[in-house]
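Engineer: File name protein14.txt; file contents compact mmCIF, N, CA and C atoms; full text below.
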```txt
# COMPACT_ATOMS: atom_id res chain seq x y z
N MET A 275 8.90 -65.93 -45.98
CA MET A 275 7.61 -65.32 -46.17
C MET A 275 7.20 -64.59 -44.89
N LEU A 276 6.55 -63.44 -45.06
CA LEU A 276 6.10 -62.66 -43.91
C LEU A 276 4.92 -63.34 -43.22
N ASP A 277 4.91 -63.24 -41.89
CA ASP A 277 3.78 -63.79 -41.12
C ASP A 277 2.83 -62.63 -40.79
N ILE A 278 1.91 -62.33 -41.71
CA ILE A 278 0.97 -61.22 -41.51
C ILE A 278 -0.33 -61.78 -40.95
N LYS A 279 -0.72 -61.23 -39.80
CA LYS A 279 -1.94 -61.72 -39.15
C LYS A 279 -3.13 -60.86 -39.55
N LYS A 280 -4.32 -61.45 -39.51
CA LYS A 280 -5.55 -60.73 -39.82
C LYS A 280 -5.67 -59.52 -38.90
N GLY A 281 -6.02 -58.37 -39.47
CA GLY A 281 -6.15 -57.14 -38.69
C GLY A 281 -4.92 -56.27 -38.74
N THR A 282 -3.81 -56.81 -39.26
CA THR A 282 -2.60 -55.99 -39.43
C THR A 282 -2.94 -54.88 -40.43
N TYR A 283 -2.36 -53.71 -40.23
CA TYR A 283 -2.65 -52.63 -41.17
C TYR A 283 -1.36 -51.97 -41.63
N THR A 284 -1.48 -51.26 -42.71
CA THR A 284 -0.38 -50.47 -43.24
C THR A 284 -0.95 -49.14 -43.70
N ILE A 285 -0.10 -48.13 -43.73
CA ILE A 285 -0.53 -46.81 -44.21
C ILE A 285 0.29 -46.50 -45.46
N VAL A 286 -0.41 -46.17 -46.51
CA VAL A 286 0.23 -45.74 -47.76
C VAL A 286 0.28 -44.22 -47.70
N SER A 287 1.48 -43.67 -47.71
CA SER A 287 1.62 -42.23 -47.47
C SER A 287 1.05 -41.37 -48.59
N GLU A 288 1.09 -41.83 -49.84
CA GLU A 288 0.52 -41.07 -50.95
C GLU A 288 -0.26 -42.04 -51.83
N ASP A 289 -1.54 -42.20 -51.54
CA ASP A 289 -2.36 -43.19 -52.23
C ASP A 289 -3.04 -42.54 -53.44
N GLU A 290 -2.60 -42.89 -54.63
CA GLU A 290 -3.14 -42.30 -55.85
C GLU A 290 -4.62 -42.61 -56.04
N GLU A 291 -5.07 -43.74 -55.53
CA GLU A 291 -6.48 -44.11 -55.68
C GLU A 291 -7.41 -43.26 -54.81
N HIS A 292 -6.84 -42.54 -53.85
CA HIS A 292 -7.66 -41.75 -52.92
C HIS A 292 -7.15 -40.32 -52.83
N ASN A 293 -7.09 -39.68 -54.00
CA ASN A 293 -6.70 -38.27 -54.13
C ASN A 293 -5.32 -37.97 -53.56
N GLY A 294 -4.45 -38.96 -53.55
CA GLY A 294 -3.09 -38.75 -53.08
C GLY A 294 -2.95 -38.64 -51.57
N LEU A 295 -4.07 -38.77 -50.84
CA LEU A 295 -4.04 -38.67 -49.38
C LEU A 295 -3.47 -39.94 -48.75
N PRO A 296 -2.88 -39.83 -47.56
CA PRO A 296 -2.46 -41.05 -46.86
C PRO A 296 -3.68 -41.93 -46.60
N ALA A 297 -3.54 -43.24 -46.80
CA ALA A 297 -4.67 -44.15 -46.63
C ALA A 297 -4.25 -45.34 -45.79
N LYS A 298 -5.20 -45.84 -45.01
CA LYS A 298 -4.95 -47.00 -44.16
C LYS A 298 -5.60 -48.22 -44.79
N TYR A 299 -4.82 -49.33 -44.88
CA TYR A 299 -5.30 -50.59 -45.44
C TYR A 299 -5.16 -51.69 -44.38
N TYR A 300 -6.16 -52.58 -44.31
CA TYR A 300 -6.15 -53.69 -43.35
C TYR A 300 -5.99 -55.02 -44.08
N TRP A 301 -5.27 -55.96 -43.47
CA TRP A 301 -5.13 -57.31 -44.00
C TRP A 301 -6.33 -58.13 -43.54
N ASN A 302 -7.09 -58.68 -44.48
CA ASN A 302 -8.29 -59.44 -44.12
C ASN A 302 -8.04 -60.95 -44.09
N GLY A 303 -6.78 -61.33 -44.19
CA GLY A 303 -6.41 -62.75 -44.20
C GLY A 303 -5.99 -63.21 -45.57
N GLU A 304 -6.41 -62.44 -46.61
CA GLU A 304 -6.04 -62.79 -47.98
C GLU A 304 -5.34 -61.65 -48.69
N THR A 305 -5.80 -60.44 -48.43
CA THR A 305 -5.26 -59.27 -49.11
C THR A 305 -5.48 -58.04 -48.23
N PHE A 306 -4.80 -56.94 -48.57
CA PHE A 306 -5.04 -55.69 -47.87
C PHE A 306 -6.27 -55.02 -48.48
N ILE A 307 -7.22 -54.59 -47.62
CA ILE A 307 -8.39 -53.88 -48.09
C ILE A 307 -8.36 -52.45 -47.55
N PHE A 308 -8.91 -51.53 -48.33
CA PHE A 308 -8.92 -50.12 -47.96
C PHE A 308 -9.75 -49.89 -46.70
N GLY A 309 -9.20 -49.10 -45.76
CA GLY A 309 -9.92 -48.76 -44.53
C GLY A 309 -10.47 -47.35 -44.59
N TYR A 310 -9.58 -46.38 -44.66
CA TYR A 310 -10.01 -44.99 -44.74
C TYR A 310 -8.80 -44.12 -45.08
N THR A 311 -9.08 -42.88 -45.45
CA THR A 311 -7.99 -41.96 -45.74
C THR A 311 -7.72 -41.11 -44.50
N LEU A 312 -6.50 -40.69 -44.38
CA LEU A 312 -6.11 -39.80 -43.29
C LEU A 312 -6.00 -38.40 -43.87
N THR A 313 -6.72 -37.46 -43.32
CA THR A 313 -6.70 -36.10 -43.86
C THR A 313 -6.09 -35.17 -42.84
N ASP A 314 -5.57 -34.08 -43.34
CA ASP A 314 -5.03 -33.05 -42.46
C ASP A 314 -6.20 -32.18 -42.01
N THR A 315 -6.65 -32.38 -40.79
CA THR A 315 -7.83 -31.66 -40.30
C THR A 315 -7.51 -30.25 -39.85
N GLY A 316 -6.24 -29.95 -39.63
CA GLY A 316 -5.88 -28.62 -39.17
C GLY A 316 -6.14 -28.47 -37.68
N ILE A 317 -5.98 -27.26 -37.21
CA ILE A 317 -6.16 -26.95 -35.79
C ILE A 317 -7.65 -26.79 -35.49
N ALA A 318 -8.09 -27.33 -34.35
CA ALA A 318 -9.49 -27.23 -33.94
C ALA A 318 -9.85 -25.79 -33.63
N THR A 319 -11.09 -25.44 -33.90
CA THR A 319 -11.64 -24.14 -33.52
C THR A 319 -12.96 -24.39 -32.80
N THR A 320 -13.60 -23.34 -32.38
CA THR A 320 -14.89 -23.47 -31.72
C THR A 320 -15.90 -24.14 -32.63
N ASN A 321 -15.80 -23.91 -33.92
CA ASN A 321 -16.78 -24.42 -34.88
C ASN A 321 -16.30 -25.58 -35.74
N LYS A 322 -15.05 -26.05 -35.54
CA LYS A 322 -14.51 -27.09 -36.41
C LYS A 322 -13.66 -28.07 -35.62
N ALA A 323 -13.92 -29.34 -35.84
CA ALA A 323 -13.09 -30.37 -35.21
C ALA A 323 -11.70 -30.33 -35.83
N GLY A 324 -10.70 -30.72 -35.04
CA GLY A 324 -9.34 -30.74 -35.56
C GLY A 324 -8.35 -31.09 -34.48
N LEU A 325 -7.09 -30.78 -34.74
CA LEU A 325 -6.03 -31.06 -33.78
C LEU A 325 -6.07 -30.06 -32.64
N VAL A 326 -5.82 -30.53 -31.44
CA VAL A 326 -5.74 -29.67 -30.26
C VAL A 326 -4.33 -29.75 -29.72
N LYS A 327 -3.66 -28.62 -29.59
CA LYS A 327 -2.30 -28.60 -29.08
C LYS A 327 -2.31 -28.54 -27.56
N SER A 328 -1.31 -29.15 -26.95
CA SER A 328 -1.20 -29.06 -25.50
C SER A 328 -0.37 -27.84 -25.14
N LYS A 329 -0.52 -27.40 -23.91
CA LYS A 329 0.24 -26.24 -23.44
C LYS A 329 0.82 -26.61 -22.09
N GLU A 330 2.11 -26.55 -21.97
CA GLU A 330 2.77 -26.98 -20.74
C GLU A 330 2.76 -25.89 -19.68
N ASP A 331 2.65 -26.32 -18.43
CA ASP A 331 2.82 -25.47 -17.25
C ASP A 331 1.86 -24.28 -17.17
N THR A 332 0.69 -24.39 -17.78
CA THR A 332 -0.29 -23.31 -17.68
C THR A 332 -1.57 -23.90 -17.10
N PRO A 333 -1.90 -23.60 -15.83
CA PRO A 333 -3.08 -24.17 -15.20
C PRO A 333 -4.34 -23.95 -16.03
N GLY A 334 -5.15 -25.02 -16.12
CA GLY A 334 -6.39 -24.96 -16.87
C GLY A 334 -6.27 -25.44 -18.29
N TYR A 335 -5.06 -25.42 -18.85
CA TYR A 335 -4.86 -25.92 -20.20
C TYR A 335 -4.62 -27.42 -20.15
N VAL A 336 -4.56 -28.04 -21.32
CA VAL A 336 -4.36 -29.48 -21.42
C VAL A 336 -2.91 -29.77 -21.77
N GLU A 337 -2.35 -30.81 -21.13
CA GLU A 337 -1.03 -31.28 -21.53
C GLU A 337 -1.15 -32.73 -21.93
N VAL A 338 -0.26 -33.18 -22.79
CA VAL A 338 -0.26 -34.56 -23.26
C VAL A 338 1.09 -35.16 -22.89
N ASP A 339 1.05 -36.31 -22.18
CA ASP A 339 2.32 -36.92 -21.79
C ASP A 339 2.88 -37.78 -22.93
N SER A 340 4.03 -38.39 -22.69
CA SER A 340 4.72 -39.15 -23.74
C SER A 340 3.94 -40.37 -24.20
N GLU A 341 2.94 -40.81 -23.41
CA GLU A 341 2.13 -41.96 -23.80
C GLU A 341 0.81 -41.53 -24.46
N GLY A 342 0.66 -40.23 -24.68
CA GLY A 342 -0.54 -39.73 -25.35
C GLY A 342 -1.70 -39.48 -24.43
N LEU A 343 -1.50 -39.59 -23.11
CA LEU A 343 -2.58 -39.35 -22.16
C LEU A 343 -2.70 -37.85 -21.91
N MET A 344 -3.94 -37.36 -21.86
CA MET A 344 -4.17 -35.94 -21.65
C MET A 344 -4.71 -35.69 -20.24
N GLU A 345 -4.37 -34.53 -19.71
CA GLU A 345 -4.86 -34.12 -18.40
C GLU A 345 -4.88 -32.60 -18.35
N ALA A 346 -5.90 -32.06 -17.69
CA ALA A 346 -5.93 -30.62 -17.48
C ALA A 346 -4.82 -30.27 -16.49
N ILE A 347 -4.00 -29.31 -16.84
CA ILE A 347 -2.89 -28.92 -15.98
C ILE A 347 -3.44 -28.35 -14.68
N GLY A 348 -2.97 -28.88 -13.56
CA GLY A 348 -3.41 -28.43 -12.25
C GLY A 348 -4.64 -29.17 -11.74
N LEU A 349 -5.16 -30.13 -12.50
CA LEU A 349 -6.38 -30.84 -12.10
C LEU A 349 -6.18 -31.62 -10.80
N ILE A 350 -5.09 -32.36 -10.70
CA ILE A 350 -4.83 -33.16 -9.48
C ILE A 350 -4.71 -32.24 -8.27
N GLN A 351 -4.00 -31.11 -8.42
CA GLN A 351 -3.86 -30.16 -7.32
C GLN A 351 -5.22 -29.61 -6.91
N ALA A 352 -6.07 -29.30 -7.90
CA ALA A 352 -7.41 -28.78 -7.60
C ALA A 352 -8.25 -29.81 -6.86
N ILE A 353 -8.16 -31.07 -7.29
CA ILE A 353 -8.91 -32.14 -6.61
C ILE A 353 -8.43 -32.28 -5.18
N ASN A 354 -7.11 -32.24 -4.97
CA ASN A 354 -6.55 -32.34 -3.62
C ASN A 354 -6.96 -31.14 -2.77
N ASP A 355 -6.97 -29.94 -3.35
CA ASP A 355 -7.38 -28.74 -2.61
C ASP A 355 -8.84 -28.84 -2.18
N ILE A 356 -9.69 -29.34 -3.07
CA ILE A 356 -11.11 -29.49 -2.73
C ILE A 356 -11.28 -30.47 -1.59
N ALA A 357 -10.53 -31.57 -1.63
CA ALA A 357 -10.62 -32.57 -0.55
C ALA A 357 -10.15 -31.96 0.78
N ARG A 358 -9.07 -31.15 0.74
CA ARG A 358 -8.56 -30.52 1.95
C ARG A 358 -9.57 -29.52 2.49
N ILE A 359 -10.16 -28.71 1.62
CA ILE A 359 -11.16 -27.73 2.04
C ILE A 359 -12.38 -28.42 2.63
N ASP A 360 -12.80 -29.52 2.00
CA ASP A 360 -13.93 -30.29 2.52
C ASP A 360 -13.63 -30.81 3.93
N GLY A 361 -12.39 -31.27 4.14
CA GLY A 361 -11.97 -31.72 5.47
C GLY A 361 -11.98 -30.58 6.48
N ASP A 362 -11.52 -29.39 6.04
CA ASP A 362 -11.53 -28.21 6.92
C ASP A 362 -12.96 -27.84 7.32
N ILE A 363 -13.88 -27.90 6.37
CA ILE A 363 -15.27 -27.57 6.65
C ILE A 363 -15.87 -28.57 7.65
N THR A 364 -15.56 -29.84 7.45
CA THR A 364 -16.05 -30.86 8.39
C THR A 364 -15.51 -30.60 9.78
N SER A 365 -14.23 -30.24 9.87
CA SER A 365 -13.62 -29.93 11.16
C SER A 365 -14.28 -28.72 11.81
N LEU A 366 -14.53 -27.67 11.01
CA LEU A 366 -15.19 -26.47 11.54
C LEU A 366 -16.61 -26.78 12.01
N ASP A 367 -17.30 -27.64 11.27
CA ASP A 367 -18.65 -28.04 11.70
C ASP A 367 -18.61 -28.67 13.09
N GLY A 368 -17.60 -29.49 13.34
CA GLY A 368 -17.45 -30.11 14.66
C GLY A 368 -17.17 -29.08 15.74
N ILE A 369 -16.30 -28.13 15.43
CA ILE A 369 -15.96 -27.07 16.40
C ILE A 369 -17.20 -26.22 16.70
N ILE A 370 -17.94 -25.84 15.66
CA ILE A 370 -19.15 -25.03 15.84
C ILE A 370 -20.18 -25.79 16.67
N GLY A 371 -20.31 -27.08 16.41
CA GLY A 371 -21.24 -27.89 17.19
C GLY A 371 -20.86 -27.93 18.66
N ALA A 372 -19.55 -28.07 18.95
CA ALA A 372 -19.08 -28.11 20.34
C ALA A 372 -19.30 -26.77 21.02
N LEU A 373 -19.02 -25.67 20.33
CA LEU A 373 -19.24 -24.34 20.92
C LEU A 373 -20.73 -24.09 21.16
N SER A 374 -21.56 -24.55 20.25
CA SER A 374 -23.00 -24.38 20.42
C SER A 374 -23.49 -25.12 21.66
N GLN A 375 -22.95 -26.32 21.90
CA GLN A 375 -23.33 -27.06 23.10
C GLN A 375 -22.88 -26.31 24.36
N LYS A 376 -21.69 -25.69 24.32
CA LYS A 376 -21.22 -24.93 25.48
C LYS A 376 -22.11 -23.72 25.74
N ILE A 377 -22.52 -23.05 24.68
CA ILE A 377 -23.40 -21.89 24.83
C ILE A 377 -24.74 -22.33 25.40
N ASP A 378 -25.28 -23.44 24.88
CA ASP A 378 -26.54 -23.96 25.41
C ASP A 378 -26.39 -24.31 26.89
N GLY A 379 -25.23 -24.85 27.25
CA GLY A 379 -24.97 -25.19 28.65
C GLY A 379 -24.91 -23.95 29.53
N LEU A 380 -24.29 -22.88 29.03
CA LEU A 380 -24.22 -21.63 29.80
C LEU A 380 -25.61 -21.02 29.95
N ASP A 381 -26.42 -21.07 28.91
CA ASP A 381 -27.78 -20.55 29.00
C ASP A 381 -28.57 -21.29 30.08
N ALA A 382 -28.38 -22.59 30.17
CA ALA A 382 -29.09 -23.39 31.16
C ALA A 382 -28.55 -23.10 32.56
N LYS A 383 -27.24 -22.85 32.66
CA LYS A 383 -26.62 -22.64 33.97
C LYS A 383 -26.93 -21.26 34.53
N TYR A 384 -26.90 -20.24 33.67
CA TYR A 384 -27.12 -18.87 34.13
C TYR A 384 -28.41 -18.35 33.53
N ASP A 385 -29.41 -18.26 34.34
CA ASP A 385 -30.70 -17.76 33.90
C ASP A 385 -30.53 -16.32 33.44
N SER A 386 -31.01 -16.02 32.24
CA SER A 386 -30.82 -14.69 31.67
C SER A 386 -31.50 -13.59 32.48
N ARG A 387 -32.46 -13.96 33.36
CA ARG A 387 -33.10 -12.94 34.21
C ARG A 387 -32.09 -12.29 35.14
N TYR A 388 -31.05 -12.99 35.48
CA TYR A 388 -30.08 -12.45 36.44
C TYR A 388 -28.92 -11.72 35.77
N ILE A 389 -28.76 -11.91 34.48
CA ILE A 389 -27.60 -11.26 33.85
C ILE A 389 -27.99 -10.26 32.77
N LYS A 390 -29.29 -9.96 32.62
CA LYS A 390 -29.70 -9.10 31.53
C LYS A 390 -29.27 -7.64 31.73
N ASN A 391 -28.99 -7.20 32.95
CA ASN A 391 -28.60 -5.81 33.18
C ASN A 391 -27.09 -5.65 33.30
N ILE A 392 -26.34 -6.65 32.95
CA ILE A 392 -24.88 -6.55 33.02
C ILE A 392 -24.37 -5.95 31.72
N THR A 393 -23.49 -4.95 31.86
CA THR A 393 -22.83 -4.36 30.68
C THR A 393 -21.33 -4.44 30.87
N PHE A 394 -20.63 -4.36 29.77
CA PHE A 394 -19.17 -4.41 29.80
C PHE A 394 -18.68 -3.24 28.98
N ASP A 395 -17.95 -2.33 29.64
CA ASP A 395 -17.47 -1.14 28.94
C ASP A 395 -16.07 -0.81 29.43
N ASN A 396 -15.15 -0.68 28.52
CA ASN A 396 -13.75 -0.34 28.83
C ASN A 396 -13.16 -1.29 29.87
N GLY A 397 -13.45 -2.55 29.74
CA GLY A 397 -12.87 -3.55 30.62
C GLY A 397 -13.52 -3.64 31.98
N VAL A 398 -14.71 -3.02 32.16
CA VAL A 398 -15.38 -3.01 33.45
C VAL A 398 -16.80 -3.53 33.30
N PHE A 399 -17.16 -4.48 34.15
CA PHE A 399 -18.53 -4.97 34.19
C PHE A 399 -19.34 -4.06 35.08
N THR A 400 -20.55 -3.71 34.67
CA THR A 400 -21.46 -2.91 35.48
C THR A 400 -22.75 -3.70 35.68
N PHE A 401 -23.19 -3.75 36.92
CA PHE A 401 -24.43 -4.47 37.25
C PHE A 401 -25.55 -3.51 37.53
```
Just give me the structure of the file as structure tokens.

Structural biologist:
Amino acid sequence: MLDIKKGTYTIVSEDEEHNGLPAKYYWNGETFIFGYTLTDTGIATTNKAGLVKSKEDTPGYVEVDSEGLMEAIGLIQAINDIARIDGDITSLDGIIGALSQKIDGLDAKYDSRYIKNITFDNGVFTF
């Protein structure tokens, strides 16, 4: 005798009681009871739910791996690029802060009253 546990299901590929559509039945511990029919929904559109196909090797599209997991193609690379750019910006902020301190230090060291008439033209300083 088969050892069928509660919650086990079966699919009837052509169920005459449900317009010939594939139907799913669940074992309730005593008998199989009807769950629902499986219909061919077709391909999804903007206005209709349905199947969505994956597209391999095209950034921005979705791919589905062998375990059924979906991911936007190039998503991990984009996340890594954003993290790298964020790190670059943080580094530049530090450099700009250090240069700003040096400029402030030069302003304090050299009073602008003494250097306001200095010009630089063709590699020559004129006072």

Engineer: Can you tell me how far atom N of Asp289 in chain A sits from atom N of Ala323 in chain A, in Å to one decimal?

Structural biologist: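 Taking atom N of Asp289 in chain A as the start and atom N of Ala323 in chain A as the end point, the length is 23.8 Å.
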
Engineer: Smallest atom-to-atom distance to Ile307 in chain A: which of A:Ser328, A:Asn321, A:Thr284, A:Asn396, using only C-alpha atoms?

Structural biologist: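 So, comparing all the options, the nearest one is A:Thr284.
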
Engineer: Can you tell me, as a ChimeraX atom specification, what residues are no more than 6.5 Å from range 347-362 of chain A when counting all atoms listed in the file, ignoring any on the same chain fewer than 6 positions away?

Structural biologist: /A:332-337

Engineer: Just want the 10 Å neighbourhood of Gly309 in chain A, counted on only C-alpha atoms, with same-chain residues fewer than 3 positions away dropped. Output as a ChimeraX atom specification.

Structural biologist: /A:283-285,297-301,306,312

Engineer: Those selected residues, please, written with N, CA and C atoms and delivered as a PDB file, in the coordinates of the input.

Structural biologist:
```
ATOM      1  N   TYR A 283      -2.360 -53.710 -40.230  1.00  0.00           N
ATOM      2  CA  TYR A 283      -2.650 -52.630 -41.170  1.00  0.00           C
ATOM      3  C   TYR A 283      -1.360 -51.970 -41.630  1.00  0.00           C
ATOM      4  N   THR A 284      -1.480 -51.260 -42.710  1.00  0.00           N
ATOM      5  CA  THR A 284      -0.380 -50.470 -43.240  1.00  0.00           C
ATOM      6  C   THR A 284      -0.950 -49.140 -43.700  1.00  0.00           C
ATOM      7  N   ILE A 285      -0.100 -48.130 -43.730  1.00  0.00           N
ATOM      8  CA  ILE A 285      -0.530 -46.810 -44.210  1.00  0.00           C
ATOM      9  C   ILE A 285       0.290 -46.500 -45.460  1.00  0.00           C
ATOM     10  N   ALA A 297      -3.540 -43.240 -46.800  1.00  0.00           N
ATOM     11  CA  ALA A 297      -4.670 -44.150 -46.630  1.00  0.00           C
ATOM     12  C   ALA A 297      -4.250 -45.340 -45.790  1.00  0.00           C
ATOM     13  N   LYS A 298      -5.200 -45.840 -45.010  1.00  0.00           N
ATOM     14  CA  LYS A 298      -4.950 -47.000 -44.160  1.00  0.00           C
ATOM     15  C   LYS A 298      -5.600 -48.220 -44.790  1.00  0.00           C
ATOM     16  N   TYR A 299      -4.820 -49.330 -44.880  1.00  0.00           N
ATOM     17  CA  TYR A 299      -5.300 -50.590 -45.440  1.00  0.00           C
ATOM     18  C   TYR A 299      -5.160 -51.690 -44.380  1.00  0.00           C
ATOM     19  N   TYR A 300      -6.160 -52.580 -44.310  1.00  0.00           N
ATOM     20  CA  TYR A 300      -6.150 -53.690 -43.350  1.00  0.00           C
ATOM     21  C   TYR A 300      -5.990 -55.020 -44.080  1.00  0.00           C
ATOM     22  N   TRP A 301      -5.270 -55.960 -43.470  1.00  0.00           N
ATOM     23  CA  TRP A 301      -5.130 -57.310 -44.000  1.00  0.00           C
ATOM     24  C   TRP A 301      -6.330 -58.130 -43.540  1.00  0.00           C
ATOM     25  N   PHE A 306      -4.800 -56.940 -48.570  1.00  0.00           N
ATOM     26  CA  PHE A 306      -5.040 -55.690 -47.870  1.00  0.00           C
ATOM     27  C   PHE A 306      -6.270 -55.020 -48.480  1.00  0.00           C
ATOM     28  N   LEU A 312      -6.500 -40.690 -44.380  1.00  0.00           N
ATOM     29  CA  LEU A 312      -6.110 -39.800 -43.290  1.00  0.00           C
ATOM     30  C   LEU A 312      -6.000 -38.400 -43.870  1.00  0.00           C
TER      31      LEU A 312
END
```

Engineer: So how many Å separate atom N of Gly294 in chain A and CA of Tyr310 in chain A, to one decimal?

Structural biologist: 12.0 Å

Engineer: Any chance you could list, as a PyMOL selection string, the residues in chain A that come up alpha helix (DSSP H) when DSSP is run on the backbone?

Structural biologist: chain A and resi 349-383+386-389

Engineer: For a test of reading the model, state the distance in Å between CA of Thr313 in chain A and atom C of Gly281 in chain A, rounded to one decimal.

Structural biologist: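 Computed distance, CA of Thr313 in chain A to atom C of Gly281 in chain A, equals 20.9 Å.
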